[in-house]
file data_27.cif (mmCIF, C-alpha atoms, pLDDT in the B column; chains and numbers go by the auth columns)
data_protein
#
loop_
_atom_site.group_PDB
_atom_site.id
_atom_site.type_symbol
_atom_site.label_atom_id
_atom_site.label_comp_id
_atom_site.label_asym_id
_atom_site.label_seq_id
_atom_site.Cartn_x
_atom_site.Cartn_y
_atom_site.Cartn_z
_atom_site.B_iso_or_equiv
_atom_site.auth_seq_id
_atom_site.auth_asym_id
ATOM 1 C CA ASP A 1 117.488 109.600 85.880 59.00 1 A
ATOM 2 C CA ALA A 2 119.504 109.357 82.695 69.00 2 A
ATOM 3 C CA ALA A 3 118.678 105.676 82.217 75.00 3 A
ATOM 4 C CA MET A 4 114.956 106.442 82.533 83.00 4 A
ATOM 5 C CA GLU A 5 115.272 109.358 80.082 88.00 5 A
ATOM 6 C CA TYR A 6 113.043 111.574 82.226 91.00 6 A
ATOM 7 C CA ASP A 7 113.362 115.236 81.280 87.00 7 A
ATOM 8 C CA GLY A 8 110.434 116.605 83.270 91.00 8 A
ATOM 9 C CA PRO A 9 110.330 118.472 86.570 93.00 9 A
ATOM 10 C CA ALA A 10 111.346 116.813 89.835 91.00 10 A
ATOM 11 C CA PHE A 11 108.638 115.824 92.314 90.00 11 A
ATOM 12 C CA GLY A 12 109.471 115.426 95.990 80.00 12 A
ATOM 13 C CA TRP A 13 112.434 113.400 97.139 79.00 13 A
ATOM 14 C CA TRP A 14 111.928 110.775 94.467 81.00 14 A
ATOM 15 C CA ARG A 15 112.019 113.055 91.379 90.00 15 A
ATOM 16 C CA ILE A 16 110.396 110.814 88.714 94.00 16 A
ATOM 17 C CA PRO A 17 106.575 110.505 88.739 96.00 17 A
ATOM 18 C CA ASP A 18 105.048 107.029 88.876 96.00 18 A
ATOM 19 C CA GLN A 19 103.031 107.676 85.719 97.00 19 A
ATOM 20 C CA PHE A 20 106.201 108.405 83.753 96.00 20 A
ATOM 21 C CA SER A 21 107.906 105.266 85.101 95.00 21 A
ATOM 22 C CA LEU A 22 104.910 103.123 84.159 95.00 22 A
ATOM 23 C CA ALA A 23 104.642 104.707 80.703 95.00 23 A
ATOM 24 C CA ARG A 24 108.379 104.191 80.116 94.00 24 A
ATOM 25 C CA LEU A 25 108.185 100.561 81.229 91.00 25 A
ATOM 26 C CA ASP A 26 105.209 100.061 78.929 89.00 26 A
ATOM 27 C CA ALA A 27 107.022 101.628 75.962 89.00 27 A
ATOM 28 C CA LEU A 28 110.057 99.392 76.525 85.00 28 A
ATOM 29 C CA GLU A 29 107.809 96.334 76.980 81.00 29 A
ATOM 30 C CA ARG A 30 106.000 96.989 73.688 75.00 30 A
ATOM 31 C CA VAL A 31 109.364 96.867 71.885 70.00 31 A
ATOM 32 C CA GLN A 32 110.309 93.609 73.633 70.00 32 A
ATOM 33 C CA ALA A 33 106.858 92.070 73.119 66.00 33 A
ATOM 34 C CA LYS A 34 107.457 91.985 69.352 67.00 34 A
ATOM 35 C CA SER A 35 109.983 89.197 69.906 68.00 35 A
ATOM 36 C CA GLU A 36 108.972 85.688 70.911 72.00 36 A
ATOM 37 C CA ARG A 37 109.448 85.301 74.640 72.00 37 A
ATOM 38 C CA ALA A 38 107.672 84.132 77.756 77.00 38 A
ATOM 39 C CA PRO A 39 105.202 86.453 79.485 76.00 39 A
ATOM 40 C CA LEU A 40 106.772 89.161 81.618 78.00 40 A
ATOM 41 C CA PHE A 41 106.474 89.405 85.409 82.00 41 A
ATOM 42 C CA THR A 42 107.151 92.929 86.614 86.00 42 A
ATOM 43 C CA PHE A 43 107.475 94.145 90.186 88.00 43 A
ATOM 44 C CA PHE A 44 106.663 97.858 90.027 89.00 44 A
ATOM 45 C CA PRO A 45 106.894 99.735 93.342 89.00 45 A
ATOM 46 C CA THR A 46 105.179 103.103 93.350 91.00 46 A
ATOM 47 C CA ILE A 47 106.766 106.022 95.146 91.00 47 A
ATOM 48 C CA SER A 48 104.182 108.810 95.197 91.00 48 A
ATOM 49 C CA THR A 49 102.398 107.314 98.185 90.00 49 A
ATOM 50 C CA HIS A 50 105.518 107.559 100.336 88.00 50 A
ATOM 51 C CA THR A 51 106.445 110.541 102.499 86.00 51 A
ATOM 52 C CA PRO A 52 106.434 113.494 101.862 88.00 52 A
ATOM 53 C CA PHE A 53 103.497 112.905 99.414 91.00 53 A
ATOM 54 C CA ARG A 54 103.797 116.436 98.011 92.00 54 A
ATOM 55 C CA PRO A 55 104.186 117.870 95.531 94.00 55 A
ATOM 56 C CA THR A 56 101.997 115.247 93.902 95.00 56 A
ATOM 57 C CA PRO A 57 102.503 115.068 90.136 96.00 57 A
ATOM 58 C CA PRO A 58 99.493 115.975 88.020 97.00 58 A
ATOM 59 C CA TYR A 59 97.910 113.065 86.160 97.00 59 A
ATOM 60 C CA GLN A 60 98.518 113.368 82.417 97.00 60 A
ATOM 61 C CA PRO A 61 95.600 111.836 80.469 96.00 61 A
ATOM 62 C CA ASP A 62 97.693 111.881 77.259 96.00 62 A
ATOM 63 C CA TRP A 63 100.093 109.029 77.944 95.00 63 A
ATOM 64 C CA SER A 64 102.240 109.868 74.911 92.00 64 A
ATOM 65 C CA GLN A 65 102.854 113.367 76.320 95.00 65 A
ATOM 66 C CA ILE A 66 104.103 112.015 79.654 96.00 66 A
ATOM 67 C CA LEU A 67 107.138 110.583 77.791 94.00 67 A
ATOM 68 C CA SER A 68 107.990 113.913 76.154 93.00 68 A
ATOM 69 C CA ALA A 69 110.301 116.712 77.317 91.00 69 A
ATOM 70 C CA ALA A 70 107.179 118.643 78.417 94.00 70 A
ATOM 71 C CA PRO A 71 105.167 115.908 80.170 96.00 71 A
ATOM 72 C CA PHE A 72 102.623 118.202 81.857 96.00 72 A
ATOM 73 C CA ASP A 73 100.347 121.040 80.828 96.00 73 A
ATOM 74 C CA ALA A 74 101.556 124.330 82.361 96.00 74 A
ATOM 75 C CA PRO A 75 98.487 125.104 84.554 97.00 75 A
ATOM 76 C CA ASP A 76 98.417 121.550 85.967 96.00 76 A
ATOM 77 C CA LEU A 77 102.137 121.633 86.675 96.00 77 A
ATOM 78 C CA GLU A 78 101.898 125.041 88.345 96.00 78 A
ATOM 79 C CA ARG A 79 99.091 123.851 90.660 96.00 79 A
ATOM 80 C CA SER A 80 101.038 120.723 91.520 95.00 80 A
ATOM 81 C CA MET A 81 104.302 122.513 92.255 95.00 81 A
ATOM 82 C CA ALA A 82 102.493 124.987 94.522 95.00 82 A
ATOM 83 C CA GLN A 83 101.857 122.097 96.946 93.00 83 A
ATOM 84 C CA SER A 84 104.280 121.754 99.820 91.00 84 A
ATOM 85 C CA PRO A 85 104.561 118.939 102.319 88.00 85 A
ATOM 86 C CA GLU A 86 102.452 119.482 105.422 88.00 86 A
ATOM 87 C CA TRP A 87 104.646 117.899 108.057 88.00 87 A
ATOM 88 C CA SER A 88 102.125 118.292 110.876 88.00 88 A
ATOM 89 C CA ASN A 89 99.081 117.113 108.861 88.00 89 A
ATOM 90 C CA MET A 90 100.038 114.570 106.208 91.00 90 A
ATOM 91 C CA GLY A 91 96.533 113.162 105.707 92.00 91 A
ATOM 92 C CA SER A 92 95.480 115.386 102.806 93.00 92 A
ATOM 93 C CA GLY A 93 98.827 114.877 101.054 94.00 93 A
ATOM 94 C CA TYR A 94 98.508 111.110 101.446 93.00 94 A
ATOM 95 C CA LEU A 95 94.954 111.138 100.056 94.00 95 A
ATOM 96 C CA GLY A 96 96.131 113.220 97.091 95.00 96 A
ATOM 97 C CA ALA A 97 98.986 110.786 96.454 94.00 97 A
ATOM 98 C CA MET A 98 96.596 107.801 96.651 93.00 98 A
ATOM 99 C CA ARG A 99 94.189 109.530 94.252 95.00 99 A
ATOM 100 C CA TYR A 100 97.092 110.148 91.844 96.00 100 A
ATOM 101 C CA ILE A 101 98.364 106.563 91.864 95.00 101 A
ATOM 102 C CA MET A 102 94.876 105.040 91.567 93.00 102 A
ATOM 103 C CA THR A 103 94.075 107.411 88.666 96.00 103 A
ATOM 104 C CA THR A 104 97.401 106.472 87.062 97.00 104 A
ATOM 105 C CA LEU A 105 96.733 102.744 87.366 94.00 105 A
ATOM 106 C CA ALA A 106 93.155 103.149 86.073 94.00 106 A
ATOM 107 C CA GLY A 107 94.411 105.208 83.123 96.00 107 A
ATOM 108 C CA TYR A 108 97.020 102.592 82.308 94.00 108 A
ATOM 109 C CA VAL A 109 94.485 99.760 82.433 92.00 109 A
ATOM 110 C CA GLN A 110 92.037 101.679 80.234 93.00 110 A
ATOM 111 C CA GLN A 111 94.610 102.209 77.510 90.00 111 A
ATOM 112 C CA ARG A 112 95.754 98.565 77.548 86.00 112 A
ATOM 113 C CA LEU A 113 92.436 96.713 77.411 87.00 113 A
ATOM 114 C CA ASP A 114 93.710 94.791 74.369 85.00 114 A
ATOM 115 C CA ARG A 115 96.296 92.885 76.425 83.00 115 A
ATOM 116 C CA ASP A 116 96.069 89.602 78.294 85.00 116 A
ATOM 117 C CA TRP A 117 97.450 90.691 81.634 85.00 117 A
ATOM 118 C CA VAL A 118 97.057 90.478 85.378 90.00 118 A
ATOM 119 C CA LEU A 119 97.765 93.466 87.595 91.00 119 A
ATOM 120 C CA ILE A 120 98.143 92.781 91.323 92.00 120 A
ATOM 121 C CA VAL A 121 98.147 95.927 93.447 91.00 121 A
ATOM 122 C CA ILE A 122 99.377 95.400 97.002 89.00 122 A
ATOM 123 C CA GLY A 123 99.883 97.931 99.745 84.00 123 A
ATOM 124 C CA ASP A 124 103.240 97.071 101.298 78.00 124 A
ATOM 125 C CA HIS A 125 102.610 98.917 104.576 81.00 125 A
ATOM 126 C CA GLN A 126 100.338 101.434 106.257 82.00 126 A
ATOM 127 C CA PRO A 127 101.027 105.168 105.929 85.00 127 A
ATOM 128 C CA PRO A 128 102.763 106.929 108.849 84.00 128 A
ATOM 129 C CA ALA A 129 100.865 106.917 112.154 86.00 129 A
ATOM 130 C CA MET A 130 100.047 110.605 111.755 87.00 130 A
ATOM 131 C CA VAL A 131 97.953 109.534 108.729 89.00 131 A
ATOM 132 C CA SER A 132 96.605 106.124 109.776 88.00 132 A
ATOM 133 C CA GLY A 133 96.421 106.796 113.529 87.00 133 A
ATOM 134 C CA GLU A 134 98.150 105.126 116.440 88.00 134 A
ATOM 135 C CA GLY A 135 97.746 101.361 116.577 87.00 135 A
ATOM 136 C CA ALA A 136 96.375 101.044 113.045 86.00 136 A
ATOM 137 C CA SER A 137 96.062 97.534 111.671 84.00 137 A
ATOM 138 C CA TRP A 138 98.939 96.155 109.626 81.00 138 A
ATOM 139 C CA ASN A 139 96.437 94.787 107.109 83.00 139 A
ATOM 140 C CA VAL A 140 96.768 96.219 103.616 84.00 140 A
ATOM 141 C CA PRO A 141 94.496 95.963 100.598 86.00 141 A
ATOM 142 C CA VAL A 142 95.212 93.626 97.693 90.00 142 A
ATOM 143 C CA HIS A 143 93.533 94.287 94.359 90.00 143 A
ATOM 144 C CA VAL A 144 93.665 92.004 91.326 92.00 144 A
ATOM 145 C CA ILE A 145 92.721 93.462 87.954 92.00 145 A
ATOM 146 C CA ALA A 146 92.781 90.942 85.131 92.00 146 A
ATOM 147 C CA ALA A 147 91.710 90.388 81.566 91.00 147 A
ATOM 148 C CA ARG A 148 90.729 86.802 82.430 91.00 148 A
ATOM 149 C CA PRO A 149 87.224 86.412 83.914 93.00 149 A
ATOM 150 C CA GLU A 150 87.977 82.805 84.920 94.00 150 A
ATOM 151 C CA LEU A 151 90.914 83.987 87.061 93.00 151 A
ATOM 152 C CA LEU A 152 88.737 86.582 88.768 94.00 152 A
ATOM 153 C CA ASP A 153 86.102 83.906 89.406 94.00 153 A
ATOM 154 C CA ALA A 154 88.761 81.658 90.975 93.00 154 A
ATOM 155 C CA LEU A 155 89.906 84.509 93.224 93.00 155 A
ATOM 156 C CA ARG A 156 86.317 85.167 94.326 92.00 156 A
ATOM 157 C CA ARG A 157 86.053 81.509 95.311 91.00 157 A
ATOM 158 C CA HIS A 158 89.133 82.091 97.523 89.00 158 A
ATOM 159 C CA GLY A 159 87.551 85.055 99.323 90.00 159 A
ATOM 160 C CA PHE A 160 88.287 88.052 97.102 92.00 160 A
ATOM 161 C CA THR A 161 85.380 90.437 96.521 92.00 161 A
ATOM 162 C CA THR A 162 84.464 92.708 93.630 91.00 162 A
ATOM 163 C CA GLY A 163 85.151 96.424 94.045 86.00 163 A
ATOM 164 C CA LEU A 164 87.795 98.752 95.404 81.00 164 A
ATOM 165 C CA GLU A 165 86.999 98.388 99.092 81.00 165 A
ATOM 166 C CA PRO A 166 88.041 95.028 100.539 77.00 166 A
ATOM 167 C CA SER A 167 85.212 93.586 102.603 77.00 167 A
ATOM 168 C CA THR A 168 87.109 90.768 104.250 81.00 168 A
ATOM 169 C CA ASN A 169 90.514 89.921 105.680 85.00 169 A
ATOM 170 C CA LEU A 170 92.080 87.101 103.669 87.00 170 A
ATOM 171 C CA GLY A 171 94.798 86.515 106.243 86.00 171 A
ATOM 172 C CA PRO A 172 98.433 87.442 106.810 86.00 172 A
ATOM 173 C CA MET A 173 100.617 88.578 103.911 86.00 173 A
ATOM 174 C CA HIS A 174 102.610 85.312 103.845 89.00 174 A
ATOM 175 C CA THR A 175 99.411 83.452 102.845 90.00 175 A
ATOM 176 C CA LEU A 176 98.825 85.647 99.781 90.00 176 A
ATOM 177 C CA GLY A 177 101.432 83.950 97.556 91.00 177 A
ATOM 178 C CA PRO A 178 100.022 80.434 97.950 93.00 178 A
ATOM 179 C CA LEU A 179 96.464 81.760 97.558 91.00 179 A
ATOM 180 C CA LEU A 180 97.354 83.478 94.265 92.00 180 A
ATOM 181 C CA LEU A 181 99.264 80.424 93.000 92.00 181 A
ATOM 182 C CA THR A 182 96.260 78.237 93.703 91.00 182 A
ATOM 183 C CA ALA A 183 93.988 80.617 91.789 90.00 183 A
ATOM 184 C CA PHE A 184 96.456 80.721 88.861 88.00 184 A
ATOM 185 C CA GLU A 185 96.954 76.955 88.865 86.00 185 A
ATOM 186 C CA ASN A 186 94.190 76.153 86.397 71.00 186 A
ATOM 187 C CA GLN A 187 94.711 79.154 84.135 69.00 187 A
#

call {"tool": "encode", "arguments": {"input": "data_27.cif", "output": "structure tokens"}}
result
Amino acid sequence: DAAMEYDGPAFGWWRIPDQFSLARLDALERVQAKSERAPLFTFFPTISTHTPFRPTPPYQPDWSQILSAAPFDAPDLERSMAQSPEWSNMGSGYLGAMRYIMTTLAGYVQQRLDRDWVLIVIGDHQPPAMVSGEGASWNVPVHVIAARPELLDALRRHGFTTGLEPSTNLGPMHTLGPLLLTAFENQ
């Protein structure tokens, strides 16, 4: 916690909200980006969509405030902290956590439209069976958000579709790396 310099309230077992972690990474990256160096590849695992899902942090539309000692507005924080894990019905908590992380990623993208970047969002596993149901598929969505239309066109030629809801199965996870490398090859 000290290395991240997070002074806000703790959320769930993981303590630090994903939005803060992403904002902190972005702030550190902006400092580093002023020097001449190769583009940065970042692996950024999110935690809010992992059990117990609640309390879900409130989304802070003012990204500069999320890095402050008071990252959340009092009414939003109070509503969020009133949530408790529902151990026998995790579905609503999971949906709230997914809404939070998707809103966080959308907010981040909207504030960084001036950058040449590629954001690959991959679900690493299904939620617990009490959320997804017994025998749920192991397939997970993969989303690519990029500032390069030619890259998105190349991905469409490889089977990706436009929109948030995947309409096709591109294959097992181990085929994703080569597929992405092929799409990036001519970039």

call {"tool": "closest_atom_pairs", "arguments": {"input": "data_27.cif", "of": "stretch 44-161 of chain A", "to": "stretch 23-31 of chain A", "cutoff": "12 Å", "atoms": "only C-alpha atoms", "output": "CSV"}}
result
residue,atom,partner,partner_atom,distance
A:Phe44,CA,A:Leu25,CA,9.3
A:Gln60,CA,A:Ala23,CA,10.7
A:Pro61,CA,A:Ala23,CA,11.5
A:Asp62,CA,A:Ala23,CA,10.6
A:Trp63,CA,A:Ala23,CA,6.9
A:Ser64,CA,A:Ala23,CA,8.1
A:Gln65,CA,A:Ala23,CA,9.9
A:Ile66,CA,A:Ala23,CA,7.4
A:Leu67,CA,A:Arg24,CA,6.9
A:Ser68,CA,A:Arg24,CA,10.5
A:Pro71,CA,A:Ala23,CA,11.2
A:Thr104,CA,A:Ala23,CA,9.8
A:Leu105,CA,A:Ala23,CA,10.5
A:Gly107,CA,A:Ala23,CA,10.5
A:Tyr108,CA,A:Ala23,CA,8.1
A:Val109,CA,A:Asp26,CA,11.3
A:Gln111,CA,A:Ala23,CA,10.8
A:Arg112,CA,A:Asp26,CA,9.7
A:Arg115,CA,A:Arg30,CA,10.9

call {"tool": "closest_residue", "arguments": {"input": "data_27.cif", "among": "A:Gly177, A:Pro141, A:Pro58, A:Pro172", "to": "A:Gln83", "atoms": "only C-alpha atoms"}}
result
A:Pro58

call {"tool": "closest_residue", "arguments": {"input": "data_27.cif", "among": "A:Met130, A:Met173, A:Leu40, A:Leu155", "to": "A:Asn186", "atoms": "only C-alpha atoms"}}
result
A:Leu155

call {"tool": "resolve_selection", "arguments": {"input": "data_27.cif", "expression": "the PyMOL selection byres ((chain A and resi 82) around 12)", "output": "list in words"}}
result
Phe11, Gly12, Arg54, Pro55, Thr56, Pro57, Pro58, Pro75, Asp76, Leu77, Glu78, Arg79, Ser80, Met81, Gln83, Ser84 and Pro85 of chain A

call {"tool": "closest_residue", "arguments": {"input": "data_27.cif", "among": "A:Asn89, A:Ser132, A:Thr182, A:Ser48", "to": "A:Trp13", "atoms": "only C-alpha atoms"}}
result
A:Ser48

call {"tool": "residues_around", "arguments": {"input": "data_27.cif", "residues": "A:Thr168", "least_positions_apart": "2", "cutoff": "12 Å", "atoms": "all atoms listed in the file", "output": "list of chain:residue names"}}
result
A:Asn139, A:Val140, A:Pro141, A:Val142, A:Arg156, A:His158, A:Gly159, A:Phe160, A:Thr161, A:Thr162, A:Gly163, A:Leu164, A:Glu165, A:Pro166, A:Leu170, A:Gly171

call {"tool": "atom_distance", "arguments": {"input": "data_27.cif", "atom1": "atom CA of A:Leu22", "atom2": "atom CA of A:Pro45"}}
result
10.0 Å

call {"tool": "atom_distance", "arguments": {"input": "data_27.cif", "atom1": "atom CA of A:Tyr59", "atom2": "atom CA of A:Gln19"}}
result
7.4 Å

call {"tool": "atom_distance", "arguments": {"input": "data_27.cif", "atom1": "atom CA of A:Pro149", "atom2": "atom CA of A:Met102"}}
result
21.5 Å

call {"tool": "decode", "arguments": {"input": "data_27.cif", "residues": "stretch 148-160 of chain A", "atoms": "all heavy atoms", "output": "mmCIF file, in the first residue's frame"}}
result
data_model
loop_
_atom_site.group_PDB
_atom_site.id
_atom_site.type_symbol
_atom_site.label_atom_id
_atom_site.label_comp_id
_atom_site.auth_asym_id
_atom_site.auth_seq_id
_atom_site.Cartn_x
_atom_site.Cartn_y
_atom_site.Cartn_z
ATOM 1 N N ARG A 148 -5.638 2.864 -33.463
ATOM 2 C CA ARG A 148 -5.200 2.591 -34.841
ATOM 3 C C ARG A 148 -6.304 1.858 -35.610
ATOM 4 O O ARG A 148 -6.487 0.644 -35.452
ATOM 5 C CB ARG A 148 -3.959 1.712 -34.831
ATOM 6 C CG ARG A 148 -2.791 2.341 -34.116
ATOM 7 C CD ARG A 148 -1.647 1.383 -34.074
ATOM 8 N NE ARG A 148 -0.544 1.944 -33.318
ATOM 9 C CZ ARG A 148 0.647 1.414 -33.286
ATOM 10 N NH1 ARG A 148 0.907 0.306 -33.950
ATOM 11 N NH2 ARG A 148 1.591 1.979 -32.576
ATOM 12 N N PRO A 149 -7.023 2.557 -36.487
ATOM 13 C CA PRO A 149 -8.084 1.908 -37.262
ATOM 14 C C PRO A 149 -7.576 0.731 -38.091
ATOM 15 O O PRO A 149 -8.265 -0.278 -38.227
ATOM 16 C CB PRO A 149 -8.616 3.018 -38.162
ATOM 17 C CG PRO A 149 -8.181 4.294 -37.531
ATOM 18 C CD PRO A 149 -6.923 3.984 -36.761
ATOM 19 N N GLU A 150 -6.355 0.824 -38.619
ATOM 20 C CA GLU A 150 -5.827 -0.269 -39.443
ATOM 21 C C GLU A 150 -5.614 -1.546 -38.628
ATOM 22 O O GLU A 150 -5.774 -2.654 -39.134
ATOM 23 C CB GLU A 150 -4.540 0.156 -40.166
ATOM 24 C CG GLU A 150 -3.386 0.517 -39.259
ATOM 25 C CD GLU A 150 -3.407 1.950 -38.701
ATOM 26 O OE1 GLU A 150 -4.357 2.710 -38.973
ATOM 27 O OE2 GLU A 150 -2.466 2.292 -37.974
ATOM 28 N N LEU A 151 -5.274 -1.414 -37.342
ATOM 29 C CA LEU A 151 -5.142 -2.579 -36.476
ATOM 30 C C LEU A 151 -6.513 -3.205 -36.231
ATOM 31 O O LEU A 151 -6.670 -4.429 -36.297
ATOM 32 C CB LEU A 151 -4.483 -2.211 -35.146
ATOM 33 C CG LEU A 151 -4.455 -3.316 -34.096
ATOM 34 C CD1 LEU A 151 -3.653 -4.518 -34.585
ATOM 35 C CD2 LEU A 151 -3.899 -2.796 -32.791
ATOM 36 N N LEU A 152 -7.498 -2.375 -35.969
ATOM 37 C CA LEU A 152 -8.852 -2.888 -35.750
ATOM 38 C C LEU A 152 -9.379 -3.577 -37.004
ATOM 39 O O LEU A 152 -10.030 -4.623 -36.916
ATOM 40 C CB LEU A 152 -9.776 -1.761 -35.302
ATOM 41 C CG LEU A 152 -9.397 -1.121 -33.948
ATOM 42 C CD1 LEU A 152 -10.282 0.076 -33.662
ATOM 43 C CD2 LEU A 152 -9.448 -2.139 -32.829
ATOM 44 N N ASP A 153 -9.077 -3.026 -38.166
ATOM 45 C CA ASP A 153 -9.475 -3.667 -39.426
ATOM 46 C C ASP A 153 -8.810 -5.038 -39.563
ATOM 47 O O ASP A 153 -9.444 -6.012 -39.967
ATOM 48 C CB ASP A 153 -9.110 -2.795 -40.628
ATOM 49 C CG ASP A 153 -9.967 -1.547 -40.731
ATOM 50 O OD1 ASP A 153 -11.058 -1.516 -40.114
ATOM 51 O OD2 ASP A 153 -9.539 -0.594 -41.421
ATOM 52 N N ALA A 154 -7.532 -5.124 -39.218
ATOM 53 C CA ALA A 154 -6.812 -6.402 -39.301
ATOM 54 C C ALA A 154 -7.430 -7.428 -38.349
ATOM 55 O O ALA A 154 -7.587 -8.598 -38.703
ATOM 56 C CB ALA A 154 -5.334 -6.208 -38.979
ATOM 57 N N LEU A 155 -7.813 -6.990 -37.157
ATOM 58 C CA LEU A 155 -8.437 -7.903 -36.202
ATOM 59 C C LEU A 155 -9.808 -8.369 -36.701
ATOM 60 O O LEU A 155 -10.160 -9.541 -36.532
ATOM 61 C CB LEU A 155 -8.553 -7.238 -34.829
ATOM 62 C CG LEU A 155 -7.226 -7.058 -34.098
ATOM 63 C CD1 LEU A 155 -7.397 -6.158 -32.891
ATOM 64 C CD2 LEU A 155 -6.650 -8.405 -33.685
ATOM 65 N N ARG A 156 -10.558 -7.493 -37.332
ATOM 66 C CA ARG A 156 -11.844 -7.901 -37.910
ATOM 67 C C ARG A 156 -11.644 -8.971 -38.979
ATOM 68 O O ARG A 156 -12.415 -9.914 -39.077
ATOM 69 C CB ARG A 156 -12.578 -6.689 -38.492
ATOM 70 C CG ARG A 156 -13.234 -5.834 -37.442
ATOM 71 C CD ARG A 156 -14.091 -4.726 -38.080
ATOM 72 N NE ARG A 156 -14.233 -3.639 -37.145
ATOM 73 C CZ ARG A 156 -13.483 -2.536 -37.119
ATOM 74 N NH1 ARG A 156 -12.551 -2.336 -38.020
ATOM 75 N NH2 ARG A 156 -13.686 -1.616 -36.214
ATOM 76 N N ARG A 157 -10.583 -8.825 -39.761
ATOM 77 C CA ARG A 157 -10.294 -9.840 -40.785
ATOM 78 C C ARG A 157 -9.955 -11.191 -40.150
ATOM 79 O O ARG A 157 -10.076 -12.233 -40.786
ATOM 80 C CB ARG A 157 -9.157 -9.372 -41.698
ATOM 81 C CG ARG A 157 -9.571 -8.272 -42.668
ATOM 82 C CD ARG A 157 -8.522 -8.010 -43.733
ATOM 83 N NE ARG A 157 -7.252 -7.549 -43.219
ATOM 84 C CZ ARG A 157 -6.957 -6.272 -42.932
ATOM 85 N NH1 ARG A 157 -7.858 -5.323 -43.117
ATOM 86 N NH2 ARG A 157 -5.762 -5.947 -42.484
ATOM 87 N N HIS A 158 -9.521 -11.185 -38.888
ATOM 88 C CA HIS A 158 -9.186 -12.426 -38.177
ATOM 89 C C HIS A 158 -10.351 -12.935 -37.330
ATOM 90 O O HIS A 158 -10.162 -13.835 -36.507
ATOM 91 C CB HIS A 158 -7.955 -12.201 -37.295
ATOM 92 C CG HIS A 158 -6.685 -12.167 -38.064
ATOM 93 N ND1 HIS A 158 -6.209 -11.026 -38.651
ATOM 94 C CD2 HIS A 158 -5.812 -13.148 -38.379
ATOM 95 C CE1 HIS A 158 -5.076 -11.285 -39.276
ATOM 96 N NE2 HIS A 158 -4.812 -12.575 -39.131
ATOM 97 N N GLY A 159 -11.532 -12.332 -37.476
ATOM 98 C CA GLY A 159 -12.707 -12.850 -36.780
ATOM 99 C C GLY A 159 -13.253 -12.005 -35.655
ATOM 100 O O GLY A 159 -14.317 -12.299 -35.120
ATOM 101 N N PHE A 160 -12.542 -10.948 -35.246
ATOM 102 C CA PHE A 160 -13.078 -10.071 -34.212
ATOM 103 C C PHE A 160 -14.282 -9.319 -34.775
ATOM 104 O O PHE A 160 -14.381 -9.106 -35.982
ATOM 105 C CB PHE A 160 -12.018 -9.044 -33.762
ATOM 106 C CG PHE A 160 -11.052 -9.587 -32.738
ATOM 107 C CD1 PHE A 160 -10.031 -10.438 -33.102
ATOM 108 C CD2 PHE A 160 -11.174 -9.232 -31.403
ATOM 109 C CE1 PHE A 160 -9.142 -10.934 -32.165
ATOM 110 C CE2 PHE A 160 -10.286 -9.717 -30.459
ATOM 111 C CZ PHE A 160 -9.270 -10.570 -30.842
#
